[in-house]
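Next comes target_2.txt, with compact mmCIF, C-alpha atoms and all ligand atoms.
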```txt
# COMPACT_ATOMS: atom_id res chain seq x y z
CA MET A 304 18.73 -38.51 9.44
CA ASN A 305 15.45 -37.05 10.61
CA ALA A 306 16.81 -33.69 11.76
CA LYS A 307 14.15 -31.49 13.33
CA PRO A 308 13.61 -28.37 11.23
CA ALA A 309 15.08 -25.28 12.88
CA ASP A 310 12.52 -23.20 14.85
CA ARG A 311 12.20 -20.12 12.70
CA SER A 312 9.42 -18.58 14.75
CA MET A 313 10.27 -15.27 16.36
CA THR A 314 8.82 -13.22 19.19
CA VAL A 315 7.15 -10.10 17.86
CA LEU A 316 6.15 -7.15 20.04
CA VAL A 317 3.31 -5.11 18.50
CA THR A 318 2.44 -1.74 20.05
CA GLY A 319 -1.14 -0.65 19.47
CA GLY A 320 -1.76 -4.33 18.77
CA SER A 321 -5.41 -4.31 19.88
CA SER A 322 -7.00 -2.42 16.97
CA GLY A 323 -6.75 -1.39 13.32
CA ILE A 324 -3.40 -1.78 11.55
CA GLY A 325 -1.69 -3.10 14.73
CA GLU A 326 -4.30 -5.83 15.15
CA ALA A 327 -3.98 -6.75 11.45
CA LEU A 328 -0.18 -6.92 11.84
CA ALA A 329 -0.56 -9.13 14.94
CA ARG A 330 -2.88 -11.46 13.02
CA CYS A 331 -0.44 -11.56 10.09
CA PHE A 332 2.59 -12.45 12.28
CA ALA A 333 0.50 -15.09 14.14
CA ARG A 334 -0.59 -16.62 10.82
CA HIS A 335 3.09 -17.03 9.98
CA GLY A 336 3.62 -18.92 13.25
CA HIS A 337 5.32 -16.20 15.31
CA ARG A 338 4.88 -15.67 19.06
CA LEU A 339 3.41 -12.31 20.07
CA VAL A 340 3.63 -9.71 22.80
CA LEU A 341 0.69 -7.32 22.42
CA VAL A 342 0.83 -3.84 23.96
CA ALA A 343 -1.87 -1.16 24.25
CA ARG A 344 -3.64 0.59 27.11
CA GLY A 345 -6.98 -1.26 27.09
CA VAL A 346 -6.52 -4.75 28.55
CA ASP A 347 -9.92 -6.20 27.55
CA LYS A 348 -9.37 -5.89 23.79
CA LEU A 349 -5.81 -7.21 24.16
CA ASP A 350 -7.04 -10.23 26.14
CA ALA A 351 -9.80 -10.98 23.62
CA LEU A 352 -7.38 -10.82 20.68
CA GLY A 353 -4.80 -12.88 22.57
CA ARG A 354 -7.38 -15.64 23.18
CA ALA A 355 -8.48 -15.57 19.52
CA LEU A 356 -4.92 -15.78 18.14
CA ARG A 357 -3.94 -18.63 20.49
CA ALA A 358 -7.04 -20.57 19.42
CA GLU A 359 -6.72 -19.86 15.68
CA HIS A 360 -2.96 -20.22 15.23
CA GLY A 361 -1.67 -22.12 18.29
CA VAL A 362 0.95 -19.43 18.96
CA ARG A 363 2.00 -18.03 22.34
CA VAL A 364 0.54 -14.57 22.96
CA ASP A 365 1.49 -12.43 25.96
CA VAL A 366 -0.54 -9.35 26.75
CA MET A 367 1.25 -6.41 28.37
CA PRO A 368 -0.99 -3.35 28.95
CA ALA A 369 0.97 -0.08 28.94
CA ASP A 370 0.51 3.60 28.13
CA LEU A 371 3.54 4.24 25.91
CA SER A 372 3.05 8.01 25.98
CA VAL A 373 4.21 8.03 29.61
CA PRO A 374 7.96 8.63 30.16
CA GLY A 375 9.62 5.42 31.38
CA ALA A 376 6.87 3.11 30.03
CA ALA A 377 9.06 1.55 27.31
CA ALA A 378 11.94 0.91 29.72
CA ALA A 379 9.53 -0.62 32.26
CA LEU A 380 8.08 -2.88 29.55
CA ALA A 381 11.57 -4.02 28.51
CA ALA A 382 12.48 -4.74 32.15
CA ALA A 383 9.27 -6.75 32.68
CA LEU A 384 10.02 -8.82 29.56
CA ARG A 385 13.62 -9.42 30.72
CA ARG A 386 12.27 -10.74 34.03
CA LYS A 387 10.07 -13.15 32.03
CA ARG A 388 13.17 -14.09 29.96
CA CYS A 389 11.25 -13.04 26.87
CA ARG A 390 13.53 -11.89 24.04
CA ILE A 391 12.05 -9.62 21.37
CA ASP A 392 13.15 -10.47 17.81
CA VAL A 393 10.80 -8.09 15.98
CA LEU A 394 9.61 -4.71 17.26
CA VAL A 395 6.50 -3.33 15.56
CA ASN A 396 6.21 0.31 16.61
CA ASN A 397 2.64 0.91 15.51
CA ALA A 398 0.78 2.75 18.32
CA GLY A 399 -0.07 6.26 17.26
CA VAL A 400 -2.72 8.96 17.64
CA LEU A 401 -4.05 11.58 15.24
CA GLU A 402 -5.78 14.92 15.75
CA GLN A 403 -7.34 16.69 12.86
CA GLY A 404 -8.03 20.41 12.60
CA THR A 405 -6.18 23.68 12.23
CA PHE A 406 -3.14 24.03 14.51
CA ALA A 407 -4.58 26.92 16.54
CA ARG A 408 -7.87 25.09 17.22
CA ILE A 409 -6.11 22.10 18.76
CA GLY A 410 -5.10 22.67 22.38
CA ALA A 411 -1.46 22.58 23.52
CA ALA A 412 -2.09 19.47 25.63
CA ARG A 413 -3.38 17.54 22.60
CA HIS A 414 -0.37 18.55 20.46
CA GLN A 415 1.80 17.27 23.30
CA GLN A 416 -0.10 13.94 23.45
CA LEU A 417 0.65 13.34 19.77
CA ILE A 418 4.33 14.07 20.32
CA ASP A 419 4.46 11.99 23.55
CA LEU A 420 3.21 8.84 21.80
CA ASN A 421 4.11 9.18 18.11
CA VAL A 422 7.60 10.59 18.72
CA SER A 423 8.78 10.07 22.33
CA GLY A 424 7.07 6.71 22.93
CA LEU A 425 8.26 5.30 19.61
CA THR A 426 11.83 6.51 20.21
CA ALA A 427 11.88 5.11 23.76
CA MET A 428 10.77 1.71 22.39
CA LEU A 429 13.67 1.77 19.92
CA ALA A 430 16.11 2.75 22.69
CA ALA A 431 14.86 -0.12 24.86
CA PHE A 432 14.71 -2.91 22.26
CA VAL A 433 17.29 -2.20 19.52
CA PRO A 434 20.48 -2.53 21.67
CA PRO A 435 19.69 -6.16 22.67
CA MET A 436 19.01 -6.97 19.00
CA LEU A 437 22.40 -5.49 18.10
CA SER A 438 24.11 -7.58 20.80
CA ARG A 439 22.58 -10.70 19.24
CA GLY A 440 23.38 -9.51 15.71
CA ARG A 441 19.81 -10.00 14.47
CA GLY A 442 16.38 -8.45 14.62
CA HIS A 443 13.78 -6.46 12.73
CA VAL A 444 12.02 -3.17 13.45
CA LEU A 445 8.85 -2.04 11.70
CA ASN A 446 7.98 1.61 12.42
CA VAL A 447 4.51 2.66 11.29
CA ALA A 448 4.74 6.13 9.70
CA SER A 449 2.27 7.38 7.07
CA ILE A 450 2.22 8.88 3.58
CA ALA A 451 1.72 12.12 5.56
CA ALA A 452 5.47 11.78 6.33
CA PHE A 453 6.40 12.81 2.78
CA GLN A 454 4.78 16.25 2.66
CA PRO A 455 3.28 19.01 4.79
CA VAL A 456 -0.40 18.39 5.56
CA PRO A 457 -2.33 21.52 6.60
CA GLY A 458 -5.15 20.37 8.88
CA LEU A 459 -2.94 17.55 10.18
CA ALA A 460 0.17 19.64 10.86
CA THR A 461 1.42 18.11 14.11
CA TYR A 462 0.44 14.57 13.11
CA ALA A 463 2.24 14.88 9.75
CA ALA A 464 5.31 16.31 11.51
CA THR A 465 5.41 13.35 13.93
CA LYS A 466 5.26 10.96 10.97
CA ALA A 467 8.02 12.86 9.14
CA TYR A 468 10.09 12.29 12.30
CA VAL A 469 9.33 8.54 12.19
CA LEU A 470 10.35 8.32 8.53
CA SER A 471 13.56 10.33 9.02
CA LEU A 472 14.56 8.34 12.11
CA THR A 473 13.89 5.07 10.29
CA GLU A 474 16.02 6.04 7.30
CA SER A 475 18.93 7.19 9.49
CA LEU A 476 18.76 4.08 11.67
CA ALA A 477 18.49 1.73 8.70
CA GLU A 478 21.72 3.16 7.31
CA GLU A 479 23.45 3.28 10.72
CA LEU A 480 22.61 -0.40 11.27
CA ARG A 481 23.51 -1.58 7.77
CA ASP A 482 25.36 -4.94 8.05
CA SER A 483 24.53 -5.21 11.78
CA GLY A 484 21.94 -7.96 11.21
CA VAL A 485 19.18 -5.60 12.40
CA THR A 486 16.84 -4.13 9.79
CA VAL A 487 14.61 -1.07 10.17
CA THR A 488 11.55 -0.48 7.98
CA ALA A 489 9.08 2.41 7.77
CA LEU A 490 5.57 1.33 6.78
CA CYS A 491 3.84 4.35 5.24
CA PRO A 492 0.11 3.62 4.81
CA GLY A 493 -2.32 5.99 3.17
CA ILE A 494 -5.84 6.48 4.50
CA THR A 495 -6.86 3.13 6.01
CA ALA A 496 -10.25 1.93 7.31
CA THR A 497 -9.66 1.80 11.10
CA ALA A 498 -11.03 3.40 14.26
CA MET A 499 -8.59 6.27 13.66
CA LEU A 500 -10.26 7.11 10.33
CA THR A 501 -13.77 6.71 11.81
CA GLY A 502 -12.79 9.14 14.60
CA ALA A 503 -11.38 11.72 12.17
CA ALA A 504 -14.34 11.38 9.78
CA ALA A 505 -16.83 11.98 12.61
CA HIS A 506 -15.64 15.61 12.69
CA ASN A 507 -14.98 16.06 8.97
CA ALA A 508 -17.59 15.80 6.22
CA GLY A 509 -14.83 15.91 3.56
CA LEU A 510 -13.33 12.67 4.87
CA ARG A 511 -16.77 11.04 4.81
CA ARG A 512 -17.06 11.91 1.09
CA LEU A 513 -13.74 10.30 0.10
CA PRO A 514 -14.11 7.80 -2.78
CA GLY A 515 -13.67 4.19 -1.69
CA PHE A 516 -10.63 3.57 -3.90
CA VAL A 517 -8.44 5.91 -1.80
CA ILE A 518 -9.24 4.02 1.44
CA GLY A 519 -7.06 0.98 2.11
CA GLU A 520 -7.88 -2.11 4.17
CA ALA A 521 -5.87 -2.81 7.33
CA ASP A 522 -5.20 -6.43 6.28
CA ALA A 523 -3.62 -5.37 2.97
CA VAL A 524 -1.51 -2.71 4.74
CA ALA A 525 -0.36 -5.30 7.29
CA ALA A 526 0.53 -7.86 4.61
CA GLU A 527 2.76 -5.29 2.88
CA GLY A 528 4.30 -4.28 6.23
CA TYR A 529 5.07 -7.90 7.11
CA ARG A 530 6.65 -8.57 3.70
CA ALA A 531 8.80 -5.43 3.75
CA CYS A 532 9.87 -5.98 7.37
CA MET A 533 10.95 -9.58 6.75
CA ALA A 534 12.75 -8.50 3.55
CA GLY A 535 14.53 -5.67 5.41
CA GLU A 536 13.26 -2.99 3.02
CA VAL A 537 13.64 0.55 4.36
CA ILE A 538 10.42 2.20 3.08
CA ALA A 539 7.15 0.46 2.24
CA VAL A 540 4.17 2.33 0.80
CA PRO A 541 1.14 0.00 0.46
CA GLY A 542 -1.15 0.41 -2.55
CA ALA A 543 -0.76 1.88 -6.05
CA VAL A 544 -2.72 5.08 -5.26
CA ASN A 545 -0.44 5.88 -2.30
CA GLN A 546 2.71 5.02 -4.25
CA ALA A 547 1.61 7.43 -7.00
CA ALA A 548 0.94 10.15 -4.39
CA VAL A 549 4.42 9.71 -2.88
CA LEU A 550 6.08 9.79 -6.31
CA ALA A 551 4.14 12.95 -7.22
CA ALA A 552 5.10 14.58 -3.89
CA ARG A 553 8.78 13.82 -4.51
CA ALA A 554 8.67 15.18 -8.06
CA THR A 555 6.91 18.44 -7.12
CA PRO A 556 8.80 21.57 -5.99
CA LYS A 557 8.32 22.18 -2.26
CA TRP A 558 6.55 25.55 -2.68
CA LEU A 559 4.02 24.02 -5.09
CA LEU A 560 3.51 20.97 -2.89
CA ARG A 561 2.65 23.25 0.06
CA ARG A 562 0.12 25.15 -2.05
CA ILE A 563 -1.53 21.95 -3.35
CA ALA A 564 -1.63 20.45 0.16
CA GLY A 565 -3.16 23.70 1.45
CA ALA A 566 -5.87 23.68 -1.24
CA VAL A 567 -6.72 20.01 -0.58
CA GLY A 568 -6.71 20.64 3.20
CA ARG A 569 -9.13 23.58 2.83
CA LYS A 570 -11.42 21.52 0.58
CA LEU A 571 -11.48 18.59 3.04
CA GLY A 572 -11.65 20.79 6.16
N1 LIG A 601 -5.76 4.67 9.81
C1 LIG A 601 -5.07 5.41 8.95
O1 LIG A 601 -5.64 6.02 8.02
C2 LIG A 601 -3.56 5.50 9.07
C3 LIG A 601 -2.84 5.97 7.96
C4 LIG A 601 -1.46 6.06 8.05
C5 LIG A 601 -0.81 5.70 9.22
N2 LIG A 601 -1.53 5.24 10.29
C6 LIG A 601 -0.79 4.88 11.50
O2 LIG A 601 -1.02 3.52 11.81
C7 LIG A 601 -0.89 3.32 13.22
C8 LIG A 601 -2.12 2.57 13.73
O3 LIG A 601 -3.26 3.38 13.47
P1 LIG A 601 -4.74 2.78 13.38
O4 LIG A 601 -5.44 3.52 12.32
O5 LIG A 601 -4.68 1.29 13.34
O6 LIG A 601 -5.30 3.30 14.80
P2 LIG A 601 -6.35 2.69 15.82
O7 LIG A 601 -7.27 1.72 15.18
O8 LIG A 601 -6.90 3.89 16.51
O9 LIG A 601 -5.41 1.88 16.85
C9 LIG A 601 -4.49 2.52 17.67
C10 LIG A 601 -3.86 1.49 18.60
O10 LIG A 601 -2.89 2.16 19.43
C11 LIG A 601 -3.21 1.93 20.81
N3 LIG A 601 -2.81 3.10 21.58
C12 LIG A 601 -3.32 4.36 21.51
N4 LIG A 601 -2.73 5.16 22.41
C13 LIG A 601 -1.81 4.39 23.05
C14 LIG A 601 -0.88 4.65 24.10
N5 LIG A 601 -0.79 5.85 24.67
N6 LIG A 601 -0.08 3.62 24.53
C15 LIG A 601 -0.19 2.39 23.98
N7 LIG A 601 -1.03 2.10 22.98
C16 LIG A 601 -1.84 3.08 22.53
C17 LIG A 601 -4.73 1.67 20.82
O11 LIG A 601 -5.17 0.93 21.94
P3 LIG A 601 -5.61 1.65 23.32
O12 LIG A 601 -6.49 2.82 22.95
O13 LIG A 601 -6.31 0.58 24.11
O14 LIG A 601 -4.33 2.07 23.99
C18 LIG A 601 -4.86 0.85 19.55
O15 LIG A 601 -4.47 -0.50 19.80
C19 LIG A 601 -0.71 4.72 13.83
O16 LIG A 601 0.65 4.95 14.09
C20 LIG A 601 -1.23 5.64 12.74
O17 LIG A 601 -0.66 6.91 12.83
C21 LIG A 601 -2.90 5.12 10.24
```
Would you mind writing the structure in this file as structure tokens?
Amino acid sequence: MNAKPADRSMTVLVTGGSSGIGEALARCFARHGHRLVLVARGVDKLDALGRALRAEHGVRVDVMPADLSVPGAAAALAAALRRKRCRIDVLVNNAGVLEQGTFARIGAARHQQLIDLNVSGLTAMLAAFVPPMLSRGRGHVLNVASIAAFQPVPGLATYAATKAYVLSLTESLAEELRDSGVTVTALCPGITATAMLTGAAAHNAGLRRLPGFVIGEADAVAAEGYRACMAGEVIAVPGAVNQAAVLAARATPKWLLRRIAGAVGRKLG
């Protein structure tokens, strides 16, 4: 019998899929033969990447521009995909923004933007796409957090708090959904060479002086995220340096961790 092999390709929605870690994740899923739905605000970069991935990997790529920091955007995206009869098997919640500087220097509107995208947008995407996965009894979620989720980070206070939220939500959900067929993974990268780092370094000489070995590459981060997501692991920290930092943070009393983070923050700031 020449039975056709089962189609194991899945449809993967990547938020923030036009740049940095999101683009690297999109490339990684495409290389493994999966169909993609790419979401970000800027349509030109999405279109260019979509064309490149179709040509390089022969996979279907749909481009859906959306500002996920706007209330209702995730639900509207889910409704548009339902109308196209496009089922999402893997949700990669990667879109995020960072603002660096002391809390009081950053305006209230900017704090709110971080919360609107990193917390509210990410949660709305989960609320829109996890229930259909549960109905089908299968699916994967990859939430992009950060090693900043494991400790306070003076100079990145609101950003680190949004990432602590992502990590906590991921761990709770992963346990809530145990044995449901749906897995939830938090990818916790350290400092990674993307537009986000370039933007932060433009205002911070300390970041520009960081030794190369502490800066990860987006492709390596994405490869680890893909592996952990497919394996259904709950927390993935790419790179030995970052794993050591997380272990040290966990082993250090909270009061001491705050002091060390404060000293490092003042040195970098
Ligand atoms: N780079 C690092 O050092 C680092 C470390 C740890 C964790 N992370 C996390 O990794 C994720 C990706 O970061 P990155 O460094 O790859 O950043 P990046 O290169 O700046 O890419 C951000 C992506 O998000 C999209 N985006 C931004 N605002 C959006 C919005 N309101 N709605 C929809 N999409 C939006 C951007 O496209 P548009 O601007 O066109 O919308 C872009 O595709 C973030 O969650 C970040 O916190 C990064």
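Minimum atom-to-atom distances from A:Ala548, A:Val342, A:Cys389, A:Leu571 to Cys491 in chain A were compared using only C-alpha atoms, and the lowest value belongs to A:Ala548.
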Worksheet entry | Contacts with ligand LIG 601 (chain A) at most 6 Å, all atoms listed in the file counted, listed as an MDAnalysis selection string | chainID A and resid 318:325 343:345 369:372 397:400 420 447:449 492:500
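Restricting the calculation to all atoms listed in the file, the smallest distance between Gly568 in chain A and any of A:Leu510, A:Ala427, A:Ala467, A:Val487 is found for A:Leu510.
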Taking all atoms of range 341-346 of chain A that appear in the file, build a box with edges along x, y and z, extend it by 8 Å on every side, and state its centre and edge lengths in Å to one decimal, as lines of an AutoDock Vina configuration file.
```
center_x = -3.1
center_y = -3.4
center_z = 25.5
size_x = 23.8
size_y = 23.9
size_z = 22.1
```
Response to the item:
Here CA of Ala451 in chain A and CA of Thr486 in chain A stand apart by 22.6 Å
